[in-house]
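Q: Encoded as structure tokens, here's the structure I'll be asking about.
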Amino acid sequence: MTPHVVPDPQAGAAVKAADRAHVFHSWSAQGLIDPLAVAGAEGSYFWDYDGNRYLDFTSGLVYTNIGYQHPKVVAAIQEQAGKLATFAPAFAVDVRSEAARLIAERTPGDLDKIFFTNGGAEAVENAVRMARLHTGRHKVLSAFRSYHGATSTAINLTGDPRRWASDTGSAGVVRFWAPFLYRSPFYAENEQQECERALAHLEDTIAFEGPQTIAAIILETVPGTAGIMTPPPGYLAGVREICDRYGIVFVLDEVMAGFGRTGKWFAAEHFDVVPDLMTFAKGVNSGYVPLGGVAISAKIAATFETRPYPGGLTYSGHPLACAAAVATIQVMADEKVVEQAAHLGENVIGPALRELAERHPSVGEVRGLGVFWALDLVKNKETREPLVPYNAAGEANAPMAAFGAAAKKHGMWPFINMNRTHVVPACNASEAEIKEGLAALDAALSVADEHTV
């Protein structure tokens, strides 16, 4: 139990009752869910009204990169609310300008213009719109194993099953296989083969779709929810070269991977590649106030120098959100949060997860960098059969449900998607906190081991 909360089950029951009566939850069958009533959060932890405290190994939805309730960011929001709580986006506002400047200082290459949105999905929507208007083309290529958001274009670009109910097949989206050596669609035996064959497959897709019809290729620099598959050396550079050759706009989605998550300000830095457009959100202000955006290259910005850009949002560059971004970026710089994420990945999380994989038959593969890791859980290490089927639900998903329950029992809240658990704590988590979470993960994996053959 956290020391500054007195258990109050009656208050928790009231919060739960109001939620069940009035809140409509995303991605859920409303009558089949039982949301935890959260009483508070601080740093890497949150707690309920019964006094149970959990180490958050999900960072919310992989966005509380500096943890919950950082006092400097909270104070910045409070100060901005007293000064100028809101103002329309057509005006120049000091905190909006400063947020854009700080972001542009950290983006790679010439991505120096910032278009603000309310979140990642809207950033993707606008990036695709910019690419289509810039090229005069309509098709957009995206990977099967991907997630880009839940708005109209973004959900059609998404590669996971959440797309299915909304996919009309008429959004101008063409999907392709990106590299993933552990479950290679190209029968590759090593990273070099996987890279070469994935690029050849992409070239074939472009050839058969017609290069002159393709506006953009969008990729998560390191795919997040789809499995944290770090691309092999040379792949993103190869995509950049293909885009240049055919006049295709290269869009990198850094909504989840950006702002320190991979041990760099942006994951693109690991691969020495500069896209034409880059989307961001989540970690830009640790999710304290909704904010996202598109970082725009000089070439694409020039398209709209004398031609109006036909897009915008009422709350674009909202002062409270921008104040949170300015404070978050300053905290990350002052407290060396990006360096801490890199250290944790290289010296603490990575070695510990590989050691767990050696001991647990349910762990098929460990992959990741920074504080952005995934364990691919399997029934059998030799066959690599997933611990649960693709998009499993109900009884078919029982092994992963049991794993999740065991993690929570040991005080760690896990990130689970299909047959994977992701290790995505706050970028500024301490080594002691990471080791606490890894001990809970070790115990929970013993439950997953019971379902192996």
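Note on naming: chains are A, B, ... as they come in the structure tokens, residues start from 1 per chain, ligands start from 1 in the order shown.
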Within 9 Å of Ala154 in chain A, counting only C-alpha atoms, which residues show up once you throw out same-chain ones fewer than 5 positions away? Write them as a list in words, please.
A: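 That gives Ala121, Glu122, Val124, Glu125, Val128, Tyr147, His148 and Gly149 of chain A.
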Q: Please provide as a list in words all residues within 8 Å of His138 in chain A, with the sequence filter that same-chain residues fewer than 5 positions apart are discarded (counting only C-alpha atoms).
A: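 Selected residues are Arg132, Gly172, Thr213, Ile214 and Ala215 of chain A.
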Q: Just want the 10 Å neighbourhood of Arg129 in chain A, counted on only C-alpha atoms, with same-chain residues fewer than 6 positions away dropped. Output as a list in words.
A: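 Listing them by chain and then by number gives Ala123, His138, Thr153, Ala215, Ala216, Tyr309, Pro310 and Gly311 of chain A.
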Q: Write out, as a JSON list (two decimals), in the first residue's frame, the residues just selected, with N, CA and C atoms.
A:
```json
[["chain", "number", "residue", "atom", "x", "y", "z"],
["A", 123, "ALA", "N", -2.49, 13.00, -35.90],
["A", 123, "ALA", "CA", -1.21, 13.28, -36.54],
["A", 123, "ALA", "C", -1.05, 12.45, -37.80],
["A", 138, "HIS", "N", -2.80, 9.18, -54.43],
["A", 138, "HIS", "CA", -3.76, 8.81, -53.38],
["A", 138, "HIS", "C", -3.35, 7.60, -52.55],
["A", 153, "THR", "N", -8.73, 7.39, -41.47],
["A", 153, "THR", "CA", -7.58, 6.96, -42.27],
["A", 153, "THR", "C", -6.63, 6.11, -41.45],
["A", 215, "ALA", "N", 1.27, 7.83, -52.88],
["A", 215, "ALA", "CA", 1.63, 9.08, -52.23],
["A", 215, "ALA", "C", 2.66, 8.88, -51.14],
["A", 216, "ALA", "N", 2.50, 7.83, -50.35],
["A", 216, "ALA", "CA", 3.34, 7.69, -49.15],
["A", 216, "ALA", "C", 3.50, 6.24, -48.75],
["A", 309, "TYR", "N", -3.14, 25.04, -46.48],
["A", 309, "TYR", "CA", -3.29, 23.64, -46.07],
["A", 309, "TYR", "C", -4.71, 23.42, -45.59],
["A", 310, "PRO", "N", -5.46, 22.50, -46.22],
["A", 310, "PRO", "CA", -6.87, 22.31, -45.87],
["A", 310, "PRO", "C", -7.06, 21.35, -44.70],
["A", 311, "GLY", "N", -6.65, 21.78, -43.52],
["A", 311, "GLY", "CA", -6.81, 20.94, -42.35],
["A", 311, "GLY", "C", -6.51, 21.74, -41.09]]
```
Q: I'd like to know which of A:Pro179, A:Pro108, A:Gly119, A:Pro361 is closest to Ser146 in chain A, using only C-alpha atoms.
A: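 Between A:Pro179, A:Pro108, A:Gly119, A:Pro361, the residue approaching Ser146 in chain A most closely is A:Pro179.
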Q: Would you list the contacts of Val6 in chain A as a PyMOL selection string, taking every protein, DNA or RNA residue within 12 Å and counting only C-alpha atoms, but skipping same-chain residues closer than 6 positions in sequence?
A: chain A and resi 12+39-40+47-53
Q: Check range 361-408 of chain A with DSSP on the backbone and list each residue it calls helix (DSSP H, G or I), as a VMD selection string.
A: chain A and resid 394 to 408
Q: Write out as a ChimeraX atom specification all residues of range 158-376 of chain A that backbone DSSP assigns to strand (DSSP E).
A: /A:173-176,214-220,249-253,277-280,292-296,363-369,372-376
Q: Once you have the residues from the selection above, write them out as a short mmCIF file (atom, residue, chain, number, x, y, z; two decimals), in the first residue's frame, restricted to N, CA, C and O atoms.
A:
```
data_model
loop_
_atom_site.label_atom_id
_atom_site.label_comp_id
_atom_site.auth_asym_id
_atom_site.auth_seq_id
_atom_site.Cartn_x
_atom_site.Cartn_y
_atom_site.Cartn_z
N VAL A 173 -5.51 2.28 -49.21
CA VAL A 173 -4.42 1.70 -48.45
C VAL A 173 -4.02 0.36 -49.06
O VAL A 173 -4.87 -0.47 -49.37
N VAL A 174 -2.72 0.16 -49.22
CA VAL A 174 -2.16 -1.12 -49.67
C VAL A 174 -1.19 -1.58 -48.59
O VAL A 174 -0.32 -0.83 -48.16
N ARG A 175 -1.36 -2.84 -48.15
CA ARG A 175 -0.48 -3.34 -47.09
C ARG A 175 0.61 -4.25 -47.65
O ARG A 175 0.43 -4.88 -48.69
N PHE A 176 1.72 -4.27 -46.91
CA PHE A 176 2.86 -5.12 -47.29
C PHE A 176 3.46 -5.70 -46.02
O PHE A 176 3.13 -5.29 -44.91
N ILE A 214 1.25 6.14 -55.86
CA ILE A 214 1.53 6.00 -54.43
C ILE A 214 2.02 7.31 -53.85
O ILE A 214 3.05 7.85 -54.26
N ALA A 215 1.27 7.83 -52.88
CA ALA A 215 1.63 9.08 -52.23
C ALA A 215 2.66 8.88 -51.14
O ALA A 215 3.60 9.68 -51.00
N ALA A 216 2.50 7.83 -50.35
CA ALA A 216 3.34 7.69 -49.15
C ALA A 216 3.50 6.24 -48.75
O ALA A 216 2.66 5.39 -49.05
N ILE A 217 4.59 5.99 -48.07
CA ILE A 217 4.80 4.76 -47.30
C ILE A 217 4.90 5.19 -45.84
O ILE A 217 5.68 6.07 -45.49
N ILE A 218 4.09 4.58 -44.98
CA ILE A 218 4.13 4.90 -43.55
C ILE A 218 4.57 3.67 -42.77
O ILE A 218 4.07 2.56 -43.00
N LEU A 219 5.52 3.86 -41.89
CA LEU A 219 6.03 2.80 -41.03
C LEU A 219 6.21 3.34 -39.62
O LEU A 219 6.64 4.49 -39.44
N GLU A 220 5.89 2.54 -38.63
CA GLU A 220 6.37 2.82 -37.28
C GLU A 220 7.87 2.55 -37.29
O GLU A 220 8.30 1.47 -37.71
N VAL A 249 6.45 9.94 -50.57
CA VAL A 249 6.70 10.57 -49.27
C VAL A 249 6.92 9.47 -48.22
O VAL A 249 6.12 8.53 -48.12
N PHE A 250 7.99 9.58 -47.46
CA PHE A 250 8.31 8.61 -46.42
C PHE A 250 7.85 9.18 -45.08
O PHE A 250 8.34 10.22 -44.63
N VAL A 251 6.91 8.49 -44.45
CA VAL A 251 6.35 8.91 -43.16
C VAL A 251 6.79 7.92 -42.09
O VAL A 251 6.55 6.72 -42.22
N LEU A 252 7.41 8.42 -41.04
CA LEU A 252 7.71 7.59 -39.88
C LEU A 252 6.76 7.96 -38.74
O LEU A 252 6.62 9.13 -38.40
N ASP A 253 6.13 6.94 -38.19
CA ASP A 253 5.22 7.09 -37.06
C ASP A 253 6.02 6.85 -35.78
O ASP A 253 6.42 5.72 -35.50
N LEU A 277 8.06 13.19 -43.29
CA LEU A 277 7.10 13.57 -42.26
C LEU A 277 7.28 12.62 -41.09
O LEU A 277 7.53 11.42 -41.28
N MET A 278 7.13 13.13 -39.88
CA MET A 278 7.22 12.29 -38.69
C MET A 278 6.07 12.63 -37.75
O MET A 278 5.87 13.80 -37.42
N THR A 279 5.32 11.63 -37.33
CA THR A 279 4.23 11.85 -36.40
C THR A 279 4.71 11.58 -34.98
O THR A 279 5.56 10.73 -34.74
N PHE A 280 4.14 12.32 -34.03
CA PHE A 280 4.49 12.14 -32.63
C PHE A 280 3.26 12.41 -31.76
O PHE A 280 2.27 13.00 -32.21
N GLY A 292 -0.42 15.89 -29.88
CA GLY A 292 0.31 15.16 -30.90
C GLY A 292 0.74 16.13 -31.97
O GLY A 292 0.54 17.35 -31.85
N GLY A 293 1.31 15.59 -33.05
CA GLY A 293 1.69 16.49 -34.12
C GLY A 293 2.43 15.81 -35.24
O GLY A 293 2.72 14.62 -35.21
N VAL A 294 2.71 16.62 -36.26
CA VAL A 294 3.48 16.18 -37.41
C VAL A 294 4.68 17.11 -37.54
O VAL A 294 4.52 18.34 -37.57
N ALA A 295 5.87 16.53 -37.61
CA ALA A 295 7.07 17.29 -37.92
C ALA A 295 7.27 17.22 -39.43
O ALA A 295 7.28 16.13 -40.01
N ILE A 296 7.44 18.37 -40.07
CA ILE A 296 7.34 18.49 -41.52
C ILE A 296 8.67 18.95 -42.11
O ILE A 296 9.27 19.91 -41.63
N VAL A 363 9.11 -18.39 -23.11
CA VAL A 363 9.67 -17.21 -23.77
C VAL A 363 10.36 -17.63 -25.05
O VAL A 363 11.44 -18.23 -25.01
N GLY A 364 9.75 -17.28 -26.18
CA GLY A 364 10.33 -17.66 -27.46
C GLY A 364 11.39 -16.69 -27.93
O GLY A 364 12.43 -17.10 -28.45
N GLU A 365 11.12 -15.40 -27.78
CA GLU A 365 12.11 -14.40 -28.20
C GLU A 365 12.00 -13.17 -27.32
O GLU A 365 10.92 -12.78 -26.88
N VAL A 366 13.15 -12.53 -27.11
CA VAL A 366 13.24 -11.24 -26.44
C VAL A 366 13.73 -10.23 -27.48
O VAL A 366 14.69 -10.50 -28.20
N ARG A 367 13.06 -9.08 -27.58
CA ARG A 367 13.52 -8.07 -28.53
C ARG A 367 13.18 -6.68 -28.00
O ARG A 367 12.19 -6.49 -27.31
N GLY A 368 14.02 -5.71 -28.35
CA GLY A 368 13.74 -4.35 -27.96
C GLY A 368 15.00 -3.53 -27.77
O GLY A 368 16.12 -3.97 -28.07
N LEU A 369 14.80 -2.32 -27.28
CA LEU A 369 15.88 -1.39 -26.96
C LEU A 369 15.31 -0.29 -26.08
O LEU A 369 14.10 -0.09 -26.03
N PHE A 372 11.72 -0.28 -24.22
CA PHE A 372 10.75 -0.66 -25.26
C PHE A 372 11.05 -2.09 -25.65
O PHE A 372 11.81 -2.35 -26.59
N TRP A 373 10.47 -3.07 -24.92
CA TRP A 373 10.82 -4.48 -25.07
C TRP A 373 9.57 -5.34 -25.19
O TRP A 373 8.51 -5.01 -24.67
N ALA A 374 9.73 -6.48 -25.86
CA ALA A 374 8.64 -7.45 -25.97
C ALA A 374 9.18 -8.86 -25.73
O ALA A 374 10.30 -9.19 -26.13
N LEU A 375 8.36 -9.66 -25.06
CA LEU A 375 8.60 -11.09 -24.94
C LEU A 375 7.55 -11.81 -25.77
O LEU A 375 6.35 -11.63 -25.55
N ASP A 376 8.00 -12.58 -26.75
CA ASP A 376 7.11 -13.37 -27.59
C ASP A 376 6.90 -14.70 -26.88
O ASP A 376 7.83 -15.52 -26.77
#
```
Q: Could you check the closest approach to Pro223 in chain A for each of A:Asp160, A:Asp94, A:Glu189, A:Glu358 and tell me which residue wins, using only C-alpha atoms?
A: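 Nearest candidate to Pro223 in chain A out of A:Asp160, A:Asp94, A:Glu189, A:Glu358: A:Asp160.
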Q: How far is it from CA of Ala439 in chain A to CA of Asn65 in chain A, in Å with one decimal?
A: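 Taking CA of Ala439 in chain A as the start and CA of Asn65 in chain A as the end point, the length is 21.4 Å.
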Q: Measuring atom to atom with only C-alpha atoms, identify which of A:Asn285, A:Gln340, A:Gln30, A:Ser446 is nearest to Thr328 in chain A.
A: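 Selected residue with least distance to Thr328 in chain A: A:Asn285.
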Q: List as a list in words the protein and nucleic acid residues near Thr421 in chain A, meaning an atom at most 9 Å away when only C-alpha atoms are counted, but skip any in the same chain fewer than 2 places from it.
A: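 So, after excluding close chain neighbours, the residues are Gly227, Trp373, Ala374, Leu375, Asp376, Leu377, Met400, Gly404, Pro414, Phe415, Ile416, Asn417, Met418, Asn419 and Val423 of chain A.
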Q: Store the residues picked out above in a file with C-alpha atoms, as a PDB file, in the first residue's frame.
A:
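Writing done, so here's part-v4.pdb:
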```
ATOM      1  CA  GLY A 227       5.301  -6.400 -31.233  1.00  0.00           C
ATOM      2  CA  TRP A 373      10.816  -4.478 -25.074  1.00  0.00           C
ATOM      3  CA  ALA A 374       8.643  -7.452 -25.974  1.00  0.00           C
ATOM      4  CA  LEU A 375       8.605 -11.092 -24.944  1.00  0.00           C
ATOM      5  CA  ASP A 376       7.112 -13.372 -27.592  1.00  0.00           C
ATOM      6  CA  LEU A 377       5.419 -16.119 -25.562  1.00  0.00           C
ATOM      7  CA  MET A 400      -2.334 -15.065 -21.383  1.00  0.00           C
ATOM      8  CA  GLY A 404      -1.639 -11.292 -16.590  1.00  0.00           C
ATOM      9  CA  PRO A 414       1.582  -5.772 -17.434  1.00  0.00           C
ATOM     10  CA  PHE A 415       1.148  -4.690 -21.046  1.00  0.00           C
ATOM     11  CA  ILE A 416      -0.326  -7.665 -22.919  1.00  0.00           C
ATOM     12  CA  ASN A 417      -1.199  -7.950 -26.587  1.00  0.00           C
ATOM     13  CA  MET A 418      -2.071 -11.313 -28.123  1.00  0.00           C
ATOM     14  CA  ASN A 419       0.765 -13.748 -27.247  1.00  0.00           C
ATOM     15  CA  VAL A 423       8.140  -4.340 -20.904  1.00  0.00           C
TER      16      VAL A 423
END
```
Q: Quick one: pull the distance between CA of Val289 in chain A and CA of Thr314 in chain A, Å, one decimal.
A: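 CA of Thr314 in chain A lies 15.0 Å from CA of Val289 in chain A.
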Q: Can you pull out the residues contacting Phe91 in chain A? Cut-off 12 Å, using only C-alpha atoms, and skip same-chain residues under 6 positions away; I want them as JSON, numbers by chain.
A: {"A": [97, 314, 315, 316, 317, 318, 319]}
Q: So, counting only C-alpha atoms, which residue among A:Arg420, A:Tyr63, A:Ile434, A:Leu445 is closest to Ala405 in chain A?
A: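 Closest residue, counting only C-alpha atoms: A:Leu445.
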Q: For Arg101 in chain A, which residue out of A:Tyr235, A:His201, A:Gly43, A:Val326 is the nearest one, using only C-alpha atoms?
A: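 Residue with the minimum atom-to-atom distance to Arg101 in chain A: A:Val326.
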Q: Can you tell me which residues surround Phe266 in chain A at a distance of at most 10 Å, considering only C-alpha atoms, apart from same-chain residues fewer than 4 positions away, and format the answer as a list in words?
A: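 Counting only C-alpha atoms, the residues come to Arg106, Thr107, Pro108, Thr221, Glu254, Val255, Met256, Ala257, Gly258, Phe259, Gly260, Arg261, Thr262, His270, Met278, Phe280 and Val338 of chain A.
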Q: Would you write out those residues with C-alpha atoms, as a PDB file, in the first residue's frame?
A:
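Below is the file selection.pdb, written as the result:
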```
ATOM      1  CA  ARG A 106      15.275  17.364 -31.514  1.00  0.00           C
ATOM      2  CA  THR A 107      13.778  15.962 -34.707  1.00  0.00           C
ATOM      3  CA  PRO A 108      16.255  14.627 -37.261  1.00  0.00           C
ATOM      4  CA  THR A 221      10.115   3.312 -36.855  1.00  0.00           C
ATOM      5  CA  GLU A 254       7.029   7.836 -33.783  1.00  0.00           C
ATOM      6  CA  VAL A 255       3.876   8.219 -31.679  1.00  0.00           C
ATOM      7  CA  MET A 256       4.986   5.419 -29.368  1.00  0.00           C
ATOM      8  CA  ALA A 257       8.718   5.145 -30.091  1.00  0.00           C
ATOM      9  CA  GLY A 258       9.536   8.845 -29.786  1.00  0.00           C
ATOM     10  CA  PHE A 259      10.677  11.061 -26.932  1.00  0.00           C
ATOM     11  CA  GLY A 260      13.161   8.784 -25.235  1.00  0.00           C
ATOM     12  CA  ARG A 261      11.343   5.478 -25.393  1.00  0.00           C
ATOM     13  CA  THR A 262      14.129   3.746 -27.377  1.00  0.00           C
ATOM     14  CA  HIS A 270      19.232   4.575 -34.302  1.00  0.00           C
ATOM     15  CA  MET A 278       7.216  12.287 -38.688  1.00  0.00           C
ATOM     16  CA  PHE A 280       4.491  12.137 -32.627  1.00  0.00           C
ATOM     17  CA  VAL A 338      16.835   9.741 -22.542  1.00  0.00           C
TER      18      VAL A 338
END
```
